[in-house]
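Asks: So that you have it, the file is upload_14.cif, and it contains mmCIF, C-alpha atoms and all ligand atoms:
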```cif
data_upload
#
loop_
_atom_site.label_atom_id
_atom_site.label_comp_id
_atom_site.auth_asym_id
_atom_site.auth_seq_id
_atom_site.Cartn_x
_atom_site.Cartn_y
_atom_site.Cartn_z
CA MET A 1 22.57 28.88 23.24
CA THR A 2 20.88 28.60 19.86
CA VAL A 3 19.76 25.89 17.44
CA LEU A 4 19.64 26.22 13.66
CA VAL A 5 16.43 24.57 12.48
CA ILE A 6 16.42 23.39 8.89
CA ASN A 7 13.45 22.25 6.82
CA SER A 8 14.81 21.12 3.49
CA GLY A 9 12.32 20.64 0.63
CA SER A 10 12.71 19.52 -2.96
CA SER A 11 13.82 22.97 -4.21
CA SER A 12 13.90 24.97 -1.00
CA ILE A 13 15.60 25.31 2.37
CA LYS A 14 13.67 27.02 5.18
CA TYR A 15 15.72 27.88 8.24
CA GLN A 16 15.50 29.61 11.59
CA LEU A 17 18.09 30.31 14.23
CA VAL A 18 16.14 29.79 17.45
CA ASP A 19 16.86 30.46 21.10
CA PRO A 20 15.14 27.41 22.59
CA GLU A 21 14.94 28.93 26.05
CA SER A 22 13.32 32.25 25.25
CA GLY A 23 11.57 30.92 22.17
CA ASP A 24 12.88 33.83 20.07
CA ALA A 25 13.60 33.36 16.37
CA ILE A 26 16.87 35.26 16.02
CA ALA A 27 17.15 34.95 12.25
CA VAL A 28 14.68 33.52 9.74
CA GLY A 29 15.25 32.68 6.11
CA LEU A 30 14.24 30.85 2.99
CA VAL A 31 16.08 29.69 -0.12
CA GLU A 32 13.72 28.96 -3.01
CA GLN A 33 13.98 27.70 -6.57
CA ILE A 34 17.20 25.80 -5.94
CA GLY A 35 18.49 24.36 -9.21
CA GLU A 36 16.73 26.96 -11.34
CA VAL A 37 18.51 29.71 -13.28
CA SER A 38 17.85 32.21 -10.55
CA SER A 39 17.28 31.11 -6.95
CA ARG A 40 15.77 33.51 -4.41
CA VAL A 41 17.02 33.96 -0.88
CA LYS A 42 15.35 35.85 1.96
CA HIS A 43 17.17 36.34 5.24
CA THR A 44 15.69 38.36 8.09
CA TYR A 45 17.79 39.47 11.03
CA ASN A 46 17.15 42.27 13.54
CA GLY A 47 13.83 43.00 11.84
CA VAL A 48 15.49 43.74 8.48
CA LYS A 49 14.71 41.53 5.50
CA HIS A 50 17.56 41.00 3.02
CA GLU A 51 16.68 39.58 -0.40
CA PHE A 52 19.00 38.11 -3.02
CA GLU A 53 18.74 36.53 -6.45
CA GLN A 54 21.52 34.10 -7.06
CA SER A 55 22.21 31.01 -9.10
CA LEU A 56 22.31 28.10 -6.61
CA ALA A 57 22.70 24.76 -8.37
CA ASP A 58 21.92 22.47 -5.45
CA HIS A 59 21.21 22.29 -1.71
CA GLY A 60 24.95 22.39 -0.95
CA GLU A 61 25.36 25.72 -2.74
CA GLY A 62 22.15 26.95 -1.13
CA LEU A 63 23.27 26.20 2.40
CA ARG A 64 26.78 27.53 1.76
CA PHE A 65 25.19 30.80 0.63
CA VAL A 66 23.07 30.91 3.79
CA LEU A 67 26.12 30.31 6.01
CA GLU A 68 27.89 33.20 4.25
CA LEU A 69 24.85 35.37 5.01
CA PHE A 70 25.14 34.49 8.68
CA GLU A 71 28.74 35.84 8.42
CA SER A 72 28.06 38.96 6.34
CA VAL A 73 24.56 40.02 7.45
CA GLY A 74 24.58 38.24 10.82
CA PRO A 75 24.25 36.90 13.31
CA ASN A 76 27.61 35.16 13.43
CA LEU A 77 26.68 31.58 14.32
CA SER A 78 29.49 30.95 16.80
CA GLU A 79 28.89 34.25 18.56
CA ALA A 80 25.17 33.38 18.63
CA GLY A 81 26.13 30.20 20.50
CA ILE A 82 24.97 27.55 18.05
CA VAL A 83 24.95 24.16 19.78
CA ALA A 84 22.99 22.00 17.34
CA VAL A 85 21.18 21.77 14.04
CA GLY A 86 17.62 20.43 14.17
CA HIS A 87 16.34 18.86 10.96
CA ARG A 88 12.69 18.35 10.16
CA VAL A 89 12.24 14.87 8.71
CA VAL A 90 8.80 13.90 7.44
CA GLN A 91 8.88 10.11 7.67
CA GLY A 92 10.48 8.13 10.47
CA GLY A 93 8.49 4.94 9.85
CA LYS A 94 8.38 2.60 12.83
CA HIS A 95 12.02 3.32 13.66
CA PHE A 96 11.88 6.66 15.44
CA ASP A 97 9.61 7.68 18.30
CA GLY A 98 11.48 10.83 19.30
CA PRO A 99 14.25 13.26 18.34
CA THR A 100 17.36 11.35 17.28
CA LEU A 101 21.05 12.25 17.01
CA ILE A 102 21.99 11.81 13.37
CA THR A 103 24.75 9.25 12.95
CA GLU A 104 25.72 7.52 9.72
CA ASP A 105 23.33 4.68 10.63
CA VAL A 106 20.43 7.06 11.32
CA ARG A 107 20.94 8.89 8.02
CA ASN A 108 20.95 5.54 6.23
CA VAL A 109 17.65 4.55 7.83
CA ILE A 110 16.13 7.88 6.74
CA GLU A 111 17.33 7.04 3.23
CA GLU A 112 15.80 3.55 3.43
CA LEU A 113 12.46 5.11 4.43
CA ALA A 114 12.32 7.16 1.21
CA PRO A 115 9.82 4.84 -0.53
CA LEU A 116 7.29 5.73 2.22
CA ALA A 117 7.76 9.47 1.61
CA PRO A 118 9.27 9.84 -1.86
CA LEU A 119 8.45 13.56 -2.07
CA HIS A 120 9.84 14.45 1.34
CA ASN A 121 12.55 12.21 2.79
CA PRO A 122 15.04 12.55 -0.13
CA PRO A 123 15.09 16.38 0.05
CA ASN A 124 15.17 16.22 3.89
CA LEU A 125 18.22 13.98 3.58
CA ARG A 126 19.91 16.34 1.11
CA GLY A 127 19.64 19.07 3.76
CA ILE A 128 21.04 16.73 6.42
CA ASP A 129 23.99 15.68 4.28
CA VAL A 130 25.09 19.19 3.31
CA ALA A 131 24.54 20.61 6.78
CA ARG A 132 26.56 17.81 8.41
CA ASP A 133 29.36 18.60 5.97
CA LEU A 134 29.31 22.31 6.71
CA LEU A 135 28.42 22.63 10.40
CA ASP A 136 30.46 20.82 13.01
CA VAL A 137 27.84 20.53 15.77
CA PRO A 138 25.46 17.70 16.70
CA HIS A 139 22.68 17.24 14.15
CA VAL A 140 19.31 16.02 15.37
CA ALA A 141 16.44 14.63 13.31
CA VAL A 142 12.94 15.50 14.49
CA PHE A 143 10.36 13.30 12.79
CA ASP A 144 6.88 14.40 11.79
CA THR A 145 5.68 10.89 12.50
CA ALA A 146 7.29 10.38 15.94
CA PHE A 147 4.38 11.70 18.03
CA PHE A 148 2.09 9.13 16.41
CA GLN A 149 4.19 6.10 17.33
CA THR A 150 1.90 5.75 20.37
CA LEU A 151 -1.14 5.07 18.17
CA PRO A 152 -2.75 1.79 19.22
CA GLU A 153 -2.65 -0.89 16.56
CA GLU A 154 -6.43 -0.58 16.06
CA ALA A 155 -5.89 3.00 14.85
CA ALA A 156 -2.58 2.53 13.04
CA ARG A 157 -3.34 -0.66 11.11
CA TYR A 158 -5.49 -0.55 7.98
CA ALA A 159 -7.88 -3.42 7.35
CA LEU A 160 -5.66 -4.40 4.46
CA ASN A 161 -4.39 -7.94 3.95
CA ARG A 162 -1.90 -8.43 6.78
CA GLU A 163 0.90 -9.99 4.72
CA VAL A 164 0.74 -7.32 2.03
CA ALA A 165 0.54 -4.48 4.57
CA ASP A 166 3.51 -5.80 6.55
CA LEU A 167 5.60 -6.58 3.47
CA TYR A 168 5.30 -3.01 2.20
CA GLY A 169 5.13 -1.14 5.53
CA VAL A 170 1.58 0.04 4.82
CA ARG A 171 0.09 1.53 8.00
CA ARG A 172 -0.99 4.90 9.37
CA TYR A 173 2.14 6.85 10.36
CA GLY A 174 0.51 10.30 10.60
CA ALA A 175 2.19 13.63 9.93
CA HIS A 176 2.43 17.14 11.43
CA GLY A 177 3.32 15.32 14.66
CA THR A 178 5.67 18.03 15.92
CA SER A 179 2.84 20.55 15.73
CA HIS A 180 0.23 18.25 17.31
CA GLN A 181 2.61 17.48 20.17
CA TYR A 182 3.58 21.13 20.74
CA VAL A 183 -0.01 22.36 20.64
CA SER A 184 -1.42 19.59 22.84
CA GLN A 185 1.29 20.27 25.43
CA LYS A 186 0.47 23.99 25.34
CA ALA A 187 -3.23 23.18 25.83
CA ALA A 188 -2.35 21.04 28.85
CA GLU A 189 -0.20 23.87 30.29
CA TRP A 190 -2.91 26.44 29.59
CA THR A 191 -5.62 24.42 31.35
CA GLY A 192 -3.23 23.27 34.08
CA ARG A 193 -4.25 19.65 33.48
CA ASP A 194 -2.49 16.74 31.86
CA ASP A 195 -5.39 14.27 32.15
CA LEU A 196 -7.15 15.65 29.09
CA LYS A 197 -9.03 14.21 26.16
CA GLN A 198 -8.03 16.57 23.38
CA ILE A 199 -8.63 17.11 19.71
CA VAL A 200 -6.02 19.18 17.86
CA LEU A 201 -7.02 20.64 14.51
CA HIS A 202 -3.92 21.62 12.53
CA LEU A 203 -5.53 23.50 9.65
CA GLY A 204 -2.97 24.89 7.24
CA ASN A 205 -2.59 24.29 3.54
CA GLY A 206 -1.99 20.71 4.66
CA ALA A 207 -4.45 19.79 7.40
CA SER A 208 -4.71 17.05 10.00
CA VAL A 209 -6.53 16.26 13.21
CA SER A 210 -5.36 14.22 16.16
CA ALA A 211 -6.96 12.69 19.23
CA VAL A 212 -4.72 12.97 22.28
CA VAL A 213 -5.40 11.32 25.65
CA ASN A 214 -3.25 12.24 28.67
CA GLY A 215 -0.60 13.64 26.31
CA GLU A 216 -0.43 10.58 24.03
CA ALA A 217 -1.77 10.45 20.49
CA VAL A 218 -4.44 7.76 20.07
CA ASP A 219 -5.59 8.57 16.54
CA THR A 220 -4.81 10.90 13.67
CA SER A 221 -6.23 11.65 10.26
CA MET A 222 -3.13 11.44 8.06
CA GLY A 223 -2.13 7.94 7.09
CA LEU A 224 0.62 6.24 5.15
CA THR A 225 1.10 9.67 3.57
CA PRO A 226 -0.33 13.14 4.23
CA LEU A 227 -3.08 12.52 1.66
CA GLU A 228 -5.59 10.91 4.02
CA GLY A 229 -8.05 12.68 6.25
CA LEU A 230 -9.35 16.23 6.15
CA VAL A 231 -10.08 18.26 3.03
CA MET A 232 -6.89 20.25 2.42
CA GLY A 233 -5.72 23.14 0.25
CA THR A 234 -5.05 20.90 -2.75
CA ARG A 235 -5.48 17.33 -1.40
CA THR A 236 -8.66 15.25 -1.40
CA GLY A 237 -8.27 13.84 2.08
CA ASP A 238 -10.45 10.74 2.60
CA ILE A 239 -11.78 9.26 -0.62
CA ASP A 240 -12.99 5.81 -1.64
CA PRO A 241 -9.85 4.04 -2.97
CA ALA A 242 -12.06 2.59 -5.71
CA VAL A 243 -12.07 6.08 -7.26
CA ILE A 244 -8.51 5.26 -8.32
CA PHE A 245 -9.62 2.06 -10.08
CA HIS A 246 -12.48 3.95 -11.69
CA LEU A 247 -10.33 6.80 -12.99
CA SER A 248 -7.81 4.30 -14.30
CA ARG A 249 -10.28 1.91 -15.95
CA VAL A 250 -12.91 4.37 -17.12
CA GLY A 251 -10.89 7.59 -17.37
CA GLY A 252 -7.72 5.99 -18.73
CA MET A 253 -5.61 7.97 -16.26
CA SER A 254 -2.17 6.79 -15.20
CA ILE A 255 -1.16 6.30 -11.55
CA ASP A 256 1.05 9.38 -11.73
CA GLU A 257 -1.81 11.47 -13.13
CA ILE A 258 -4.14 10.30 -10.36
CA ASP A 259 -1.42 10.98 -7.74
CA ASP A 260 -1.07 14.52 -9.09
CA LEU A 261 -4.86 14.98 -9.24
CA PHE A 262 -5.40 13.83 -5.64
CA ASN A 263 -2.43 15.69 -4.14
CA LYS A 264 -2.21 18.90 -6.14
CA LYS A 265 -5.43 19.58 -8.03
CA SER A 266 -8.14 18.60 -5.56
CA GLY A 267 -9.19 19.72 -2.08
CA VAL A 268 -10.45 23.29 -1.71
CA LYS A 269 -8.59 24.33 -4.87
CA GLY A 270 -10.10 21.55 -6.93
CA LEU A 271 -13.59 22.45 -5.68
CA ALA A 272 -13.44 26.25 -5.64
CA GLY A 273 -10.55 27.11 -7.96
CA GLU A 274 -8.57 28.74 -5.11
CA ASN A 275 -6.90 27.26 -2.04
CA ASP A 276 -6.32 30.37 0.04
CA MET A 277 -9.30 30.46 2.41
CA ARG A 278 -9.42 34.27 2.35
CA ALA A 279 -10.08 34.13 -1.39
CA VAL A 280 -12.58 31.29 -1.00
CA TRP A 281 -14.64 33.23 1.57
CA ALA A 282 -14.57 36.32 -0.66
CA MET A 283 -15.79 34.24 -3.61
CA ALA A 284 -18.53 32.65 -1.51
CA ASP A 285 -19.61 36.08 -0.24
CA SER A 286 -19.97 37.31 -3.79
CA GLY A 287 -22.30 34.44 -4.63
CA ASP A 288 -19.93 31.82 -6.06
CA GLU A 289 -21.79 28.57 -5.37
CA ASN A 290 -18.78 26.31 -5.90
CA ALA A 291 -16.82 28.28 -3.32
CA ARG A 292 -19.65 28.01 -0.78
CA GLU A 293 -19.95 24.30 -1.45
CA ALA A 294 -16.19 23.85 -1.01
CA LEU A 295 -16.49 25.47 2.44
CA ASP A 296 -19.44 23.24 3.31
CA ILE A 297 -17.49 20.10 2.34
CA TYR A 298 -14.44 21.35 4.28
CA ILE A 299 -16.51 22.03 7.40
CA HIS A 300 -18.55 18.83 7.12
CA ARG A 301 -15.34 16.75 7.13
CA LEU A 302 -14.05 18.60 10.20
CA VAL A 303 -17.28 18.06 12.12
CA LYS A 304 -17.25 14.38 11.17
CA TYR A 305 -13.71 13.90 12.53
CA ILE A 306 -14.43 15.79 15.74
CA GLY A 307 -17.47 13.61 16.41
CA SER A 308 -15.67 10.39 15.65
CA TYR A 309 -12.62 11.27 17.76
CA ALA A 310 -14.83 12.27 20.71
CA ALA A 311 -16.40 8.82 20.41
CA VAL A 312 -13.01 7.09 20.09
CA MET A 313 -11.76 8.82 23.25
CA GLY A 314 -15.04 8.33 25.13
CA GLY A 315 -15.27 12.04 25.87
CA LEU A 316 -13.77 15.38 25.01
CA ASP A 317 -12.30 18.14 27.18
CA VAL A 318 -10.46 20.45 24.76
CA ILE A 319 -10.52 21.27 21.05
CA THR A 320 -7.61 23.37 19.80
CA PHE A 321 -7.36 25.16 16.47
CA THR A 322 -3.90 25.86 15.05
CA ALA A 323 -1.91 26.65 11.84
CA GLY A 324 -2.74 29.19 9.09
CA ILE A 325 -6.50 28.58 8.88
CA GLY A 326 -6.97 27.32 12.45
CA GLU A 327 -5.30 30.42 13.91
CA ASN A 328 -6.68 33.06 11.56
CA ASP A 329 -9.98 31.97 10.08
CA ASP A 330 -12.64 32.81 12.65
CA LEU A 331 -15.40 32.00 10.14
CA VAL A 332 -14.27 28.38 9.74
CA ARG A 333 -14.01 28.08 13.53
CA ALA A 334 -17.46 29.61 14.02
CA GLU A 335 -19.15 27.36 11.46
CA VAL A 336 -17.54 24.20 12.82
CA LEU A 337 -18.43 25.04 16.41
CA GLU A 338 -22.01 26.10 15.60
CA ARG A 339 -22.56 22.61 14.24
CA LEU A 340 -21.44 21.22 17.62
CA ALA A 341 -23.84 23.35 19.66
CA PRO A 342 -26.22 20.39 20.26
CA PHE A 343 -23.39 18.81 22.28
CA GLY A 344 -23.18 21.82 24.57
CA LEU A 345 -20.31 23.68 22.91
CA THR A 346 -20.77 27.42 23.09
CA ILE A 347 -18.48 30.01 21.65
CA ASP A 348 -17.77 33.64 22.54
CA PRO A 349 -18.06 35.44 19.17
CA GLU A 350 -16.05 38.44 20.34
CA VAL A 351 -13.04 36.44 21.47
CA ASN A 352 -13.36 34.24 18.39
CA SER A 353 -12.96 37.25 16.11
CA GLU A 354 -9.84 38.48 17.96
CA ARG A 355 -6.61 38.34 15.99
CA GLY A 356 -3.11 37.87 17.29
CA ASP A 357 -0.35 35.52 18.21
CA HIS A 358 -1.63 34.80 21.70
CA ILE A 359 -3.28 31.71 23.13
CA ARG A 360 -6.99 32.34 23.63
CA ARG A 361 -10.06 30.49 24.79
CA ILE A 362 -12.91 31.09 22.36
CA SER A 363 -15.51 28.98 24.22
CA THR A 364 -17.67 30.41 26.99
CA ASP A 365 -17.56 29.46 30.69
CA GLU A 366 -20.70 27.36 30.14
CA SER A 367 -19.34 25.38 27.20
CA SER A 368 -19.18 21.60 27.64
CA VAL A 369 -15.79 21.62 25.89
CA THR A 370 -12.98 24.16 26.17
CA VAL A 371 -12.06 25.50 22.74
CA LEU A 372 -8.66 27.13 22.31
CA VAL A 373 -6.71 28.85 19.55
CA ILE A 374 -3.01 28.13 19.99
CA PRO A 375 -0.40 29.36 17.49
CA THR A 376 1.80 26.47 16.49
CA ASN A 377 5.58 26.85 16.36
CA GLU A 378 7.20 23.82 14.78
CA GLU A 379 10.63 25.46 14.59
CA LEU A 380 10.68 26.14 18.32
CA ALA A 381 9.49 22.60 19.02
CA ILE A 382 12.28 21.20 16.82
CA ALA A 383 14.87 23.46 18.48
CA ARG A 384 13.77 22.35 21.97
CA GLN A 385 13.80 18.68 21.02
CA ALA A 386 17.27 19.09 19.51
CA MET A 387 18.44 20.68 22.76
CA ASP A 388 17.03 17.76 24.74
CA VAL A 389 19.18 15.40 22.66
CA VAL A 390 22.26 17.62 23.04
CA ALA A 391 21.74 17.63 26.81
CA THR A 392 22.02 13.84 26.85
CA LEU A 393 25.44 14.04 25.15
CA ALA A 394 27.05 16.12 27.88
P1 LIG B 401 -0.06 27.17 6.71
O1 LIG B 401 0.09 25.99 5.81
O2 LIG B 401 -0.24 26.80 8.15
O3 LIG B 401 0.98 28.23 6.51
O4 LIG B 401 -1.46 27.87 6.31
C1 LIG B 401 -1.63 28.48 5.06
C2 LIG B 401 -3.10 28.75 4.81
O5 LIG B 401 -3.65 29.52 5.88
C3 LIG B 401 -3.37 29.62 3.58
O6 LIG B 401 -3.45 28.82 2.42
C4 LIG B 401 -4.70 30.27 3.90
O7 LIG B 401 -5.74 29.45 3.42
C5 LIG B 401 -4.77 30.26 5.41
N1 LIG B 401 -4.75 31.59 5.99
C6 LIG B 401 -3.68 32.34 6.31
N2 LIG B 401 -4.07 33.53 6.83
C7 LIG B 401 -5.44 33.52 6.84
C8 LIG B 401 -6.45 34.45 7.25
N3 LIG B 401 -6.14 35.63 7.77
N4 LIG B 401 -7.74 34.07 7.10
C9 LIG B 401 -8.05 32.87 6.58
N5 LIG B 401 -7.15 31.96 6.19
C10 LIG B 401 -5.87 32.27 6.30
#
```
Take the structure from the file and write it as structure tokens.
Ligand code: AMP

Replies:
Amino acid sequence: MTVLVINSGSSSIKYQLVDPESGDAIAVGLVEQIGEVSSRVKHTYNGVKHEFEQSLADHGEGLRFVLELFESVGPNLSEAGIVAVGHRVVQGGKHFDGPTLITEDVRNVIEELAPLAPLHNPPNLRGIDVARDLLDVPHVAVFDTAFFQTLPEEAARYALNREVADLYGVRRYGAHGTSHQYVSQKAAEWTGRDDLKQIVLHLGNGASVSAVVNGEAVDTSMGLTPLEGLVMGTRTGDIDPAVIFHLSRVGGMSIDEIDDLFNKKSGVKGLAGENDMRAVWAMADSGDENAREALDIYIHRLVKYIGSYAAVMGGLDVITFTAGIGENDDLVRAEVLERLAPFGLTIDPEVNSERGDHIRRISTDESSVTVLVIPTNEELAIARQAMDVVATLA
């Protein structure tokens, strides 16, 4: 049995055909530049990557092209035993606390939630609509916010005027929840304990941290949108909201310009000129002071969140690093953990510098906190959650 996992963006469709039991990705692909003169499609099956340039006017044409590839290049979806499509949906608001079978009502709620995630929910919905038209199997929505529905009100509610906040649905919904859930469950399996106080650091181009107690999220760094929290590839993370007033009143900038500045031109890129950490380290090594300062700011913010979440949870058993930077950047890990040495955290430099797709413990036996590197796999998590929903239909 397999599940087709779809992550539909504004001009792209990422997909994977996953065997939820073995965890294997049977075919992996990406359609990019949808709506442009020439769209690009990559489809990998049996270790062979097939690439195409094709004019694809919209998501419907994009997905139709992908389904033809499953016929011509393989694998044939029926022969591969497709039982469901799992859709990544960024914003589920307060409505969804787990994977949900997509009915007409559910799709309409996702549409109604668009004002809370204007960049993400509309393209997610486009993917849902075309896939439901083309593939006659159950479709399941897996929400990036669902894992954070357990946040206590003290963590989820901003100290914003209650009437205004409630009228406009302003609260902390979090994001990257599928990854935080998957990784925290893996950490519990790895340690053989489910009574853990955990911090999960999802450090990719987007970055977020969560505090998880006994498997339930109690706090997270992303808020109403993914802008809040850690320093990210191109996002500011936490910033005094009065900076917006200042840039508007003194700088004469429009709301859209400030939105673009905070989301796309700030973070590590806005500080160092580059957002790929490999390039930033190389620049810092060659004496670029802005690059070194960007790393310092990035690491300072991480240390600050780890300390505050340990305090919020009243203790800390496990820290886990995941996603592009968390899994691969041993220098970031080393610098963060060195700063925590006064709290008894000790790291094994040799294991820390290991590369690979395996789960590893980078702390020593003596360390006060277990520190793990766990590769995230959001597609597999979505496929498994979709299967759970399908199982309830039988
Ligand atoms: P993600 O969003 O999880 O795909 O992560 C993407 C980011 O991971 C890139 O922008 C890089 O900054 C970072 N990254 C990927 N590979 C490495 C590596 N080998 N060393 C350091 N950073 C890396």

Asks: Within 6 Å of ligand LIG 401 (chain B), counting only C-alpha atoms and all ligand atoms: which residues, as a PDB file with C-alpha atoms, keeping the file's coordinate frame?

Replies:
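part-v1.pdb, written as the output of this step:
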```pdb
ATOM      1  CA  GLY A 204      -2.970  24.890   7.240  1.00  0.00           C
ATOM      2  CA  ASN A 205      -2.590  24.290   3.540  1.00  0.00           C
ATOM      3  CA  GLY A 206      -1.990  20.710   4.660  1.00  0.00           C
ATOM      4  CA  ASN A 275      -6.900  27.260  -2.040  1.00  0.00           C
ATOM      5  CA  ASP A 276      -6.320  30.370   0.040  1.00  0.00           C
ATOM      6  CA  MET A 277      -9.300  30.460   2.410  1.00  0.00           C
ATOM      7  CA  ARG A 278      -9.420  34.270   2.350  1.00  0.00           C
ATOM      8  CA  ALA A 323      -1.910  26.650  11.840  1.00  0.00           C
ATOM      9  CA  GLY A 324      -2.740  29.190   9.090  1.00  0.00           C
ATOM     10  CA  ILE A 325      -6.500  28.580   8.880  1.00  0.00           C
ATOM     11  CA  ASN A 328      -6.680  33.060  11.560  1.00  0.00           C
ATOM     12  CA  ASP A 329      -9.980  31.970  10.080  1.00  0.00           C
TER      13      ASP A 329
END
```

Asks: Could you check the closest approach to Val5 (chain A) for each of A:Leu230, A:Val183, A:Leu316, A:Ala383 and tell me which residue wins, using only C-alpha atoms?

Replies: A:Ala383

Asks: Which is closer to Thr145 (chain A) than all the others in A:Tyr298, A:Phe96, A:Tyr182, A:Phe52, using all atoms listed in the file?

Replies: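 That would be A:Phe96, the residue with the smallest distance to Thr145 (chain A).
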
Asks: Quick one: residues within 10 Å of Gly62 (chain A), all atoms listed in the file, excluding same-chain residues fewer than 2 positions away - as JSON, numbers by chain?

Replies: {"A": [11, 12, 13, 30, 31, 32, 33, 34, 35, 39, 40, 41, 54, 55, 56, 57, 58, 59, 60, 64, 65, 66, 67, 127, 130]}

Asks: Tell me, as a tab-separated table (two decimals) with C-alpha atoms, in the coordinates of the input, which residues lie within 12 Å of Ser353 (chain A), counting only C-alpha atoms; anything in the same chain fewer than 2 positions away does not count.

Replies:
```
chain	number	residue	atom	x	y	z
A	327	GLU	CA	-5.30	30.42	13.91
A	328	ASN	CA	-6.68	33.06	11.56
A	329	ASP	CA	-9.98	31.97	10.08
A	330	ASP	CA	-12.64	32.81	12.65
A	331	LEU	CA	-15.40	32.00	10.14
A	332	VAL	CA	-14.27	28.38	9.74
A	333	ARG	CA	-14.01	28.08	13.53
A	334	ALA	CA	-17.46	29.61	14.02
A	347	ILE	CA	-18.48	30.01	21.65
A	348	ASP	CA	-17.77	33.64	22.54
A	349	PRO	CA	-18.06	35.44	19.17
A	350	GLU	CA	-16.05	38.44	20.34
A	351	VAL	CA	-13.04	36.44	21.47
A	355	ARG	CA	-6.61	38.34	15.99
A	356	GLY	CA	-3.11	37.87	17.29
A	360	ARG	CA	-6.99	32.34	23.63
A	361	ARG	CA	-10.06	30.49	24.79
A	362	ILE	CA	-12.91	31.09	22.36
A	363	SER	CA	-15.51	28.98	24.22
A	373	VAL	CA	-6.71	28.85	19.55
```

Asks: From the options A:Gln16, A:Ser78, A:Ser367, A:Ser221, which residue's atoms come nearest to Asp136 (chain A), counting all atoms listed in the file?

Replies: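 Using all atoms listed in the file, Asp136 (chain A) sits closest to A:Ser78.
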
Asks: Contacts of Ala394 (chain A) at 12 Å or less, counting all atoms listed in the file, minus same-chain residues fewer than 6 places along, as a ChimeraX atom specification?

Replies: /A:83,138,387-388

Asks: Counting all atoms listed in the file, which residue out of A:Leu196, A:Leu227, A:Val170, A:Ala80 sits closest to Gly215 (chain A)?

Replies: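 Ranking A:Leu196, A:Leu227, A:Val170, A:Ala80 by distance to Gly215 (chain A), first place goes to A:Leu196.
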
Asks: Between A:Val3, A:Val137, A:Val37, A:Leu372, which residue has the minimum interatomic distance to Ala25 (chain A), considering all atoms listed in the file?

Replies: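 Result for the nearest residue to Ala25 (chain A): A:Val3.
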
Asks: Quick one: distance from CA of Asp260 (chain A) to CA of Val200 (chain A) in Å, one decimal?

Replies: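 Going from CA of Asp260 (chain A) over to CA of Val200 (chain A) covers 27.8 Å.
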
Asks: First collect every listed atom of region 18-37 of chain A; then fit an axis-aligned box around them, widen it by 6 Å on each side, and give centre and edge lengths in Å to one decimal, as lines of an AutoDock Vina configuration file.

Replies:
```
center_x = 15.0
center_y = 29.8
center_z = 6.4
size_x = 18.9
size_y = 22.9
size_z = 51.3
```

Asks: By how many Å are CA of Ala117 (chain A) and CA of Leu134 (chain A) apart?

Replies: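 Separation between CA of Ala117 (chain A) and CA of Leu134 (chain A): 25.6 Å.
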